[in-house]
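Chemist: Input file: data.cif. Contents: mmCIF, C-alpha atoms and all ligand atoms.
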data_model
#
loop_
_atom_site.label_atom_id
_atom_site.label_comp_id
_atom_site.auth_asym_id
_atom_site.auth_seq_id
_atom_site.Cartn_x
_atom_site.Cartn_y
_atom_site.Cartn_z
CA MET E 9 0.00 0.00 0.00
CA THR E 10 1.28 3.50 -0.84
CA SER E 11 2.05 5.47 2.30
CA ARG E 12 0.52 8.93 2.50
CA GLY E 13 2.78 11.82 1.49
CA LYS E 14 3.86 14.66 3.74
CA PHE E 15 2.39 18.16 3.69
CA ILE E 16 4.74 21.11 4.30
CA SER E 17 3.57 24.73 4.36
CA LEU E 18 5.68 27.89 4.27
CA GLU E 19 4.51 31.01 6.07
CA GLY E 20 5.83 34.46 6.85
CA GLY E 21 5.26 38.14 6.28
CA GLU E 22 5.89 40.14 3.16
CA GLY E 23 9.42 39.76 1.78
CA ALA E 24 10.34 37.07 4.34
CA GLY E 25 11.93 34.93 1.62
CA LYS E 26 9.35 32.19 1.03
CA SER E 27 9.77 32.14 -2.76
CA THR E 28 13.56 32.10 -2.40
CA LEU E 29 13.39 29.22 0.10
CA LEU E 30 10.83 27.27 -1.95
CA ALA E 31 13.22 26.90 -4.87
CA GLY E 32 16.06 25.55 -2.71
CA LEU E 33 13.82 23.34 -0.60
CA GLN E 34 12.24 21.84 -3.70
CA ARG E 35 15.70 20.93 -5.05
CA HIS E 36 16.66 19.41 -1.70
CA LEU E 37 13.52 17.28 -1.37
CA VAL E 38 13.72 16.02 -4.96
CA SER E 39 17.40 15.14 -4.42
CA ARG E 40 16.23 13.03 -1.43
CA GLY E 41 13.95 11.06 -3.79
CA VAL E 42 10.68 12.78 -2.90
CA SER E 43 7.99 13.04 -5.57
CA LEU E 44 6.92 16.62 -4.96
CA VAL E 45 3.99 18.85 -5.81
CA GLN E 46 4.59 22.57 -5.27
CA THR E 47 1.67 24.93 -5.01
CA ARG E 48 0.54 28.21 -3.46
CA GLU E 49 -2.27 30.08 -1.79
CA PRO E 50 -4.32 31.85 -2.75
CA GLY E 51 -4.08 30.05 -6.08
CA GLY E 52 -2.71 26.71 -7.22
CA THR E 53 -5.76 25.76 -9.31
CA ALA E 54 -7.46 27.54 -12.21
CA LEU E 55 -10.21 28.67 -9.84
CA GLY E 56 -7.74 29.61 -7.10
CA GLU E 57 -5.62 31.71 -9.46
CA ALA E 58 -8.78 33.57 -10.54
CA VAL E 59 -9.57 34.20 -6.85
CA ARG E 60 -5.98 35.39 -6.30
CA ALA E 61 -6.35 37.96 -9.08
CA ILE E 62 -9.46 39.31 -7.34
CA VAL E 63 -8.15 39.41 -3.75
CA LEU E 64 -4.85 41.06 -4.66
CA ASN E 65 -6.32 43.57 -7.13
CA PRO E 66 -5.80 47.09 -5.66
CA GLN E 67 -9.00 48.23 -7.41
CA HIS E 68 -11.06 46.21 -4.91
CA ARG E 69 -10.07 48.49 -2.05
CA ASP E 70 -13.59 48.36 -0.57
CA MET E 71 -13.48 44.55 -0.09
CA CYS E 72 -14.65 43.77 3.44
CA ALA E 73 -12.68 41.46 5.74
CA GLU E 74 -15.40 38.79 5.63
CA ALA E 75 -15.41 38.68 1.81
CA GLU E 76 -11.60 38.51 1.82
CA LEU E 77 -11.64 35.60 4.29
CA LEU E 78 -14.30 33.68 2.35
CA LEU E 79 -12.39 34.13 -0.91
CA MET E 80 -9.22 32.75 0.73
CA PHE E 81 -11.19 29.73 1.87
CA ALA E 82 -12.87 29.28 -1.53
CA SER E 83 -9.42 29.04 -3.09
CA ARG E 84 -8.29 26.69 -0.28
CA ALA E 85 -11.31 24.37 -0.54
CA GLN E 86 -10.65 23.89 -4.25
CA LEU E 87 -6.89 23.42 -3.75
CA VAL E 88 -7.38 20.78 -1.05
CA ARG E 89 -9.78 18.71 -3.15
CA GLU E 90 -8.23 19.19 -6.59
CA CYS E 91 -4.53 19.10 -5.71
CA ILE E 92 -3.38 18.51 -2.12
CA GLU E 93 -5.48 15.53 -1.02
CA PRO E 94 -5.05 13.55 -4.26
CA ALA E 95 -1.28 14.13 -4.16
CA LEU E 96 -0.94 13.08 -0.50
CA ALA E 97 -3.11 10.01 -1.13
CA ALA E 98 -0.82 9.04 -4.03
CA GLY E 99 2.23 9.24 -1.73
CA GLN E 100 3.52 12.56 -3.10
CA TRP E 101 4.71 15.33 -0.81
CA VAL E 102 3.13 18.76 -1.07
CA LEU E 103 5.06 21.99 -0.55
CA CYS E 104 2.60 24.88 -0.25
CA ASP E 105 3.44 28.60 -0.19
CA ARG E 106 1.00 29.58 2.62
CA PHE E 107 -2.01 27.66 3.96
CA THR E 108 -4.66 28.17 6.67
CA ASP E 109 -2.24 29.79 9.15
CA ALA E 110 -2.15 32.76 6.76
CA SER E 111 -5.89 33.31 7.24
CA TYR E 112 -5.45 33.36 11.04
CA ALA E 113 -2.53 35.78 10.68
CA TYR E 114 -3.87 38.16 8.01
CA GLN E 115 -7.66 38.05 8.32
CA GLY E 116 -7.64 37.16 12.04
CA GLY E 117 -4.67 39.12 13.40
CA GLY E 118 -4.46 41.74 10.66
CA ARG E 119 -8.16 42.46 10.01
CA GLY E 120 -9.60 41.45 13.38
CA VAL E 121 -11.92 38.64 12.23
CA PRO E 122 -12.66 36.50 15.35
CA ALA E 123 -10.60 33.32 15.37
CA GLU E 124 -13.71 31.15 16.09
CA ARG E 125 -15.08 32.04 12.65
CA ILE E 126 -11.85 30.92 11.02
CA VAL E 127 -11.90 27.69 13.04
CA THR E 128 -15.41 26.97 11.70
CA LEU E 129 -14.38 27.63 8.11
CA GLU E 130 -11.23 25.54 8.53
CA ARG E 131 -13.26 22.51 9.69
CA TRP E 132 -15.70 22.89 6.85
CA ALA E 133 -13.56 23.96 3.89
CA THR E 134 -10.46 21.86 4.48
CA GLU E 135 -12.03 19.08 6.55
CA GLY E 136 -9.39 19.86 9.17
CA LEU E 137 -6.36 19.20 6.95
CA VAL E 138 -3.31 20.50 8.82
CA PRO E 139 0.29 20.49 7.49
CA ASP E 140 2.72 17.93 8.94
CA LEU E 141 5.29 20.73 9.12
CA THR E 142 4.98 24.51 8.90
CA LEU E 143 8.11 26.56 8.32
CA LEU E 144 7.56 30.08 9.63
CA LEU E 145 10.04 32.61 8.23
CA ASP E 146 10.15 35.28 10.89
CA LEU E 147 11.46 38.74 10.08
CA PRO E 148 11.00 42.28 11.44
CA VAL E 149 8.30 44.02 9.41
CA ALA E 150 10.56 46.87 8.28
CA THR E 151 13.18 44.44 6.94
CA GLY E 152 10.59 42.47 4.97
CA ARG E 153 9.02 45.59 3.53
CA ALA E 154 12.43 46.95 2.51
CA ARG E 155 13.18 43.68 0.72
CA ALA E 156 9.83 43.69 -1.07
CA ALA E 157 10.06 47.37 -2.08
CA GLY E 158 10.82 48.16 -5.70
CA ARG E 159 8.95 45.16 -7.13
CA GLY E 160 6.45 47.38 -8.93
CA GLU E 161 2.91 48.28 -7.88
CA ALA E 162 1.95 47.04 -4.41
CA ASP E 163 -1.02 44.63 -4.33
CA ARG E 164 -4.22 45.26 -2.32
CA ILE E 165 -2.79 43.73 0.88
CA GLU E 166 0.77 45.09 0.56
CA VAL E 167 -0.57 48.66 0.79
CA GLU E 168 -1.59 48.11 4.45
CA GLU E 169 0.22 50.09 7.15
CA ASP E 170 3.05 48.69 9.32
CA ALA E 171 0.70 48.14 12.29
CA PHE E 172 -1.30 45.63 10.21
CA PHE E 173 1.87 43.64 9.42
CA GLU E 174 2.99 43.80 13.07
CA ARG E 175 -0.33 42.15 14.05
CA VAL E 176 0.19 39.55 11.30
CA ARG E 177 3.67 38.80 12.61
CA SER E 178 2.62 38.48 16.24
CA THR E 179 -0.30 36.19 15.31
CA TYR E 180 2.07 33.92 13.38
CA ARG E 181 4.51 33.86 16.31
CA ALA E 182 1.71 33.08 18.76
CA ARG E 183 0.51 30.19 16.58
CA ALA E 184 4.06 28.84 16.36
CA ALA E 185 4.42 29.03 20.15
CA ALA E 186 1.09 27.25 20.64
CA GLU E 187 1.96 24.39 18.26
CA PRO E 188 5.70 23.77 18.65
CA LYS E 189 5.52 20.24 17.22
CA ARG E 190 4.14 21.38 13.87
CA PHE E 191 5.91 24.75 13.51
CA ARG E 192 9.60 25.47 13.03
CA LEU E 193 10.34 29.17 13.46
CA ILE E 194 13.24 30.20 11.24
CA ASP E 195 15.15 33.46 11.60
CA ALA E 196 14.60 34.90 8.12
CA SER E 197 17.21 37.64 8.64
CA LEU E 198 19.92 35.02 8.11
CA THR E 199 21.46 34.52 4.66
CA PRO E 200 19.43 32.54 2.09
CA GLU E 201 21.91 29.66 2.52
CA GLN E 202 21.44 29.63 6.30
CA VAL E 203 17.65 29.80 5.95
CA LEU E 204 17.72 26.85 3.54
CA ALA E 205 19.97 24.86 5.89
CA ALA E 206 17.56 25.47 8.79
CA ALA E 207 14.60 24.47 6.63
CA THR E 208 16.17 21.27 5.30
CA ALA E 209 17.18 20.27 8.86
CA ALA E 210 13.57 20.84 9.94
CA THR E 211 12.30 18.38 7.31
CA GLU E 212 14.55 15.50 8.44
CA HIS E 213 12.07 13.94 10.86
CA LEU E 214 9.54 13.58 8.05
CA PHE E 215 11.81 11.10 6.27
CA GLY E 216 12.06 8.97 9.38
CA ALA E 217 8.29 8.83 9.51
CA VAL E 218 7.92 7.41 5.99
CA ALA E 219 10.78 4.92 6.17
N1 LIG E 301 -3.04 35.97 2.20
C1 LIG E 301 -4.02 36.26 3.15
O1 LIG E 301 -4.25 37.41 3.48
N2 LIG E 301 -4.73 35.23 3.67
C2 LIG E 301 -4.56 33.94 3.31
O2 LIG E 301 -5.24 33.04 3.82
C3 LIG E 301 -3.52 33.66 2.33
C4 LIG E 301 -2.80 34.71 1.81
C5 LIG E 301 -3.27 32.26 1.91
C6 LIG E 301 -0.18 36.79 -1.28
O3 LIG E 301 0.81 36.03 -0.71
C7 LIG E 301 -0.92 37.59 -0.24
O4 LIG E 301 -2.08 36.86 0.23
C8 LIG E 301 -0.11 37.89 0.99
C9 LIG E 301 -0.87 37.26 2.15
C10 LIG E 301 -2.25 37.09 1.62
N3 LIG E 301 -0.08 39.31 1.14
N4 LIG E 301 0.76 40.02 1.62
N5 LIG E 301 1.41 40.89 1.92
P1 LIG E 301 2.20 35.75 -1.40
O5 LIG E 301 2.84 34.73 -0.54
O6 LIG E 301 2.03 35.44 -2.80
O7 LIG E 301 2.97 37.16 -1.37
P2 LIG E 301 3.90 37.78 -0.33
O8 LIG E 301 3.71 37.42 1.07
O9 LIG E 301 3.72 39.21 -0.63
O10 LIG E 301 5.28 37.16 -0.64
P3 LIG E 301 6.49 37.98 -1.12
O11 LIG E 301 6.42 39.40 -0.74
O12 LIG E 301 6.61 37.67 -2.58
O13 LIG E 301 7.67 37.46 -0.29
P4 LIG E 301 8.50 36.14 -0.21
O14 LIG E 301 8.14 35.16 -1.26
O15 LIG E 301 8.38 35.72 1.18
O16 LIG E 301 9.97 36.67 -0.47
P5 LIG E 301 10.99 36.45 -1.70
O17 LIG E 301 10.34 36.90 -3.01
O18 LIG E 301 11.63 35.15 -1.63
O19 LIG E 301 12.09 37.53 -1.29
C11 LIG E 301 11.84 38.92 -1.32
C12 LIG E 301 13.16 39.65 -1.64
O20 LIG E 301 14.08 39.40 -0.58
C13 LIG E 301 13.85 39.16 -2.92
O21 LIG E 301 14.50 40.24 -3.50
C14 LIG E 301 14.88 38.15 -2.41
O22 LIG E 301 15.98 38.03 -3.26
C15 LIG E 301 15.25 38.75 -1.08
N6 LIG E 301 15.61 37.73 -0.08
C16 LIG E 301 15.03 36.50 0.10
N7 LIG E 301 15.61 35.85 1.11
C17 LIG E 301 16.57 36.67 1.59
C18 LIG E 301 17.52 36.56 2.67
N8 LIG E 301 17.58 35.45 3.44
N9 LIG E 301 18.34 37.59 2.89
C19 LIG E 301 18.29 38.71 2.13
N10 LIG E 301 17.43 38.88 1.10
C20 LIG E 301 16.58 37.87 0.84
#
Could you express the structure from this file as structure tokens?

Modeler:
Amino acid sequence: MTSRGKFISLEGGEGAGKSTLLAGLQRHLVSRGVSLVQTREPGGTALGEAVRAIVLNPQHRDMCAEAELLLMFASRAQLVRECIEPALAAGQWVLCDRFTDASYAYQGGGRGVPAERIVTLERWATEGLVPDLTLLLDLPVATGRARAAGRGEADRIEVEEDAFFERVRSTYRARAAAEPKRFRLIDASLTPEQVLAAATAATEHLFGAVA
């Protein structure tokens, strides 16, 4: 019988280095013989990418927090059923750029949506699917924003003020502290090589579990 694959999510604030880490981590996991599916949120399916274009479009500046949250979960519900669950069931590993923790951090911490509402949506939309490992790239807000600056027009969420991103960061850190077995907090101010080394070390126990 094929053993179920492992599910790894990457989280962090703006400019924390998730995309940079994803490329190196993908190479590492493939070199270890893992059959890997890489995806992202919001997005990762045709429907999810259409949702992404809506939620990040600066023209929708009047979008309310509830609509934003529901759109994130619409994308997630589709991604879980169309991509993540079938891959895990087939024994593939899934590396996802953000997952449900981002909704707690951004819509919960950032926008102030009560966490109980997100818990309800999580149970319903993802049937409680939780990553086996979540790598949280932690970085001071100002450093992340400086890194992300100069990439062209800011999207609808990137235009938020620093206080919003401070709430996002502290919500992520609180979630990591509350679930130390699932989360690995990585100091994202280190060099890309050091961040990758910390991330690959954090994945080691997953190999033991499938052996
Ligand atoms: N969102 C939400 O609100 N609710 C949800 O439920 C979900 C998402 C799922 C899209 O996410 C937005 O959706 C996001 C949260 C929201 N909004 N914000 N803000 P995204 O992940 O697609 O976009 P992002 O968070 O804006 O990612 P990013 O800004 O593209 O950052 P990154 O991927 O973490 O960083 P990077 O591109 O790898 O690196 C940024 C720059 O820093 C680049 O020039 C690198 O070369 C440099 N870099 C990277 N690593 C290092 C190190 N270690 N040292 C120095 N420089 C580095």

Chemist: If you count all atoms listed in the file, which residues fall within 8 Å of range 17-25 of chain E, apart from same-chain ones fewer than 2 positions away, as a PyMOL selection string?

Modeler: chain E and resi 15+27-29+103-107+109-110+139+141-147+149+151-156+166+173+176-177+180+196+200

Chemist: Considering all atoms listed in the file, return as a list in words whatever protein or nucleic-acid residues lie within 7 Å of range 122-134 of chain E, sequence-local ones (same chain, fewer than 5 positions apart) excluded.

Modeler: Phe81, Ala85, Val88, Tyr112 and Gly116 of chain E

Chemist: Would you please work out which residue, of E:Val138, E:Leu64, E:Leu33, E:Ala205, is nearest to ligand LIG 301 (chain E) when using all atoms listed in the file?

Modeler: E:Leu64

Chemist: Rank E:Ala157, E:Leu193, E:Ala113, E:Ala185 by their smallest atom-to-atom distance to Phe172 in chain E, using only C-alpha atoms, and report the top residue only.

Modeler: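 Once distances to Phe172 in chain E are computed over only C-alpha atoms, the minimum belongs to E:Ala113.
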
Chemist: Could the centre and edge lengths of an axis-aligned box, enclosing all atoms of range 50-59 of chain E in the file with 5 Å extra on each side, be given in Å to one decimal as JSON?

Modeler:
{"center_x": -6.5, "center_y": 30.0, "center_z": -7.5, "size_x": 17.5, "size_y": 18.4, "size_z": 19.5}

Chemist: Go ahead and compute the interatomic distance for CA of Gly117 in chain E and CA of Arg175 in chain E, in Å to one decimal.

Modeler: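 So the answer is 5.3 Å.
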
Chemist: Record the distance separating atom O8 of ligand LIG 301 (chain E) and CA of Arg84 in chain E, expressed in Å with one decimal.

Modeler: 16.2 Å

Chemist: In Å, how far is it from CA of Ala209 in chain E to CA of Ser43 in chain E?

Modeler: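 Going from CA of Ala209 in chain E over to CA of Ser43 in chain E covers 18.6 Å.
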
Chemist: Between E:Cys91, E:Val167, E:Cys72, E:Leu96, which has the minimum distance to Gly120 in chain E (counting all atoms listed in the file)?

Modeler: E:Cys72

Chemist: Hey, which of E:Lys14, E:Ala184, E:Glu174, E:Ala58 ends up closest to Gly99 in chain E? Count only C-alpha atoms.

Modeler: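 Using only C-alpha atoms, the shortest distance to Gly99 in chain E belongs to E:Lys14.
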
Chemist: Which residues come within 7 Å of Gln115 in chain E, counting only C-alpha atoms, excluding same-chain residues fewer than 5 positions away, as a list in words?

Modeler: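 Listed by chain and then number, they are Ala73, Leu77, Gly120 and Val121 of chain E.
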
Chemist: For those residues, write C-alpha atoms to a file as a PDB file, in the frame of the given file.

Modeler:
ATOM      1  CA  ALA E  73     -12.680  41.460   5.740  1.00  0.00           C
ATOM      2  CA  LEU E  77     -11.640  35.600   4.290  1.00  0.00           C
ATOM      3  CA  GLY E 120      -9.600  41.450  13.380  1.00  0.00           C
ATOM      4  CA  VAL E 121     -11.920  38.640  12.230  1.00  0.00           C
TER       5      VAL E 121
END

Chemist: Just give me the residues with any atom within 12 Å of (11.4, 16.1, -2.7), file coordinates, counting all atoms listed in the file, written as number ranges by chain.

Modeler: E: 13-16, 30-46, 99-103, 208, 211-212, 214-215
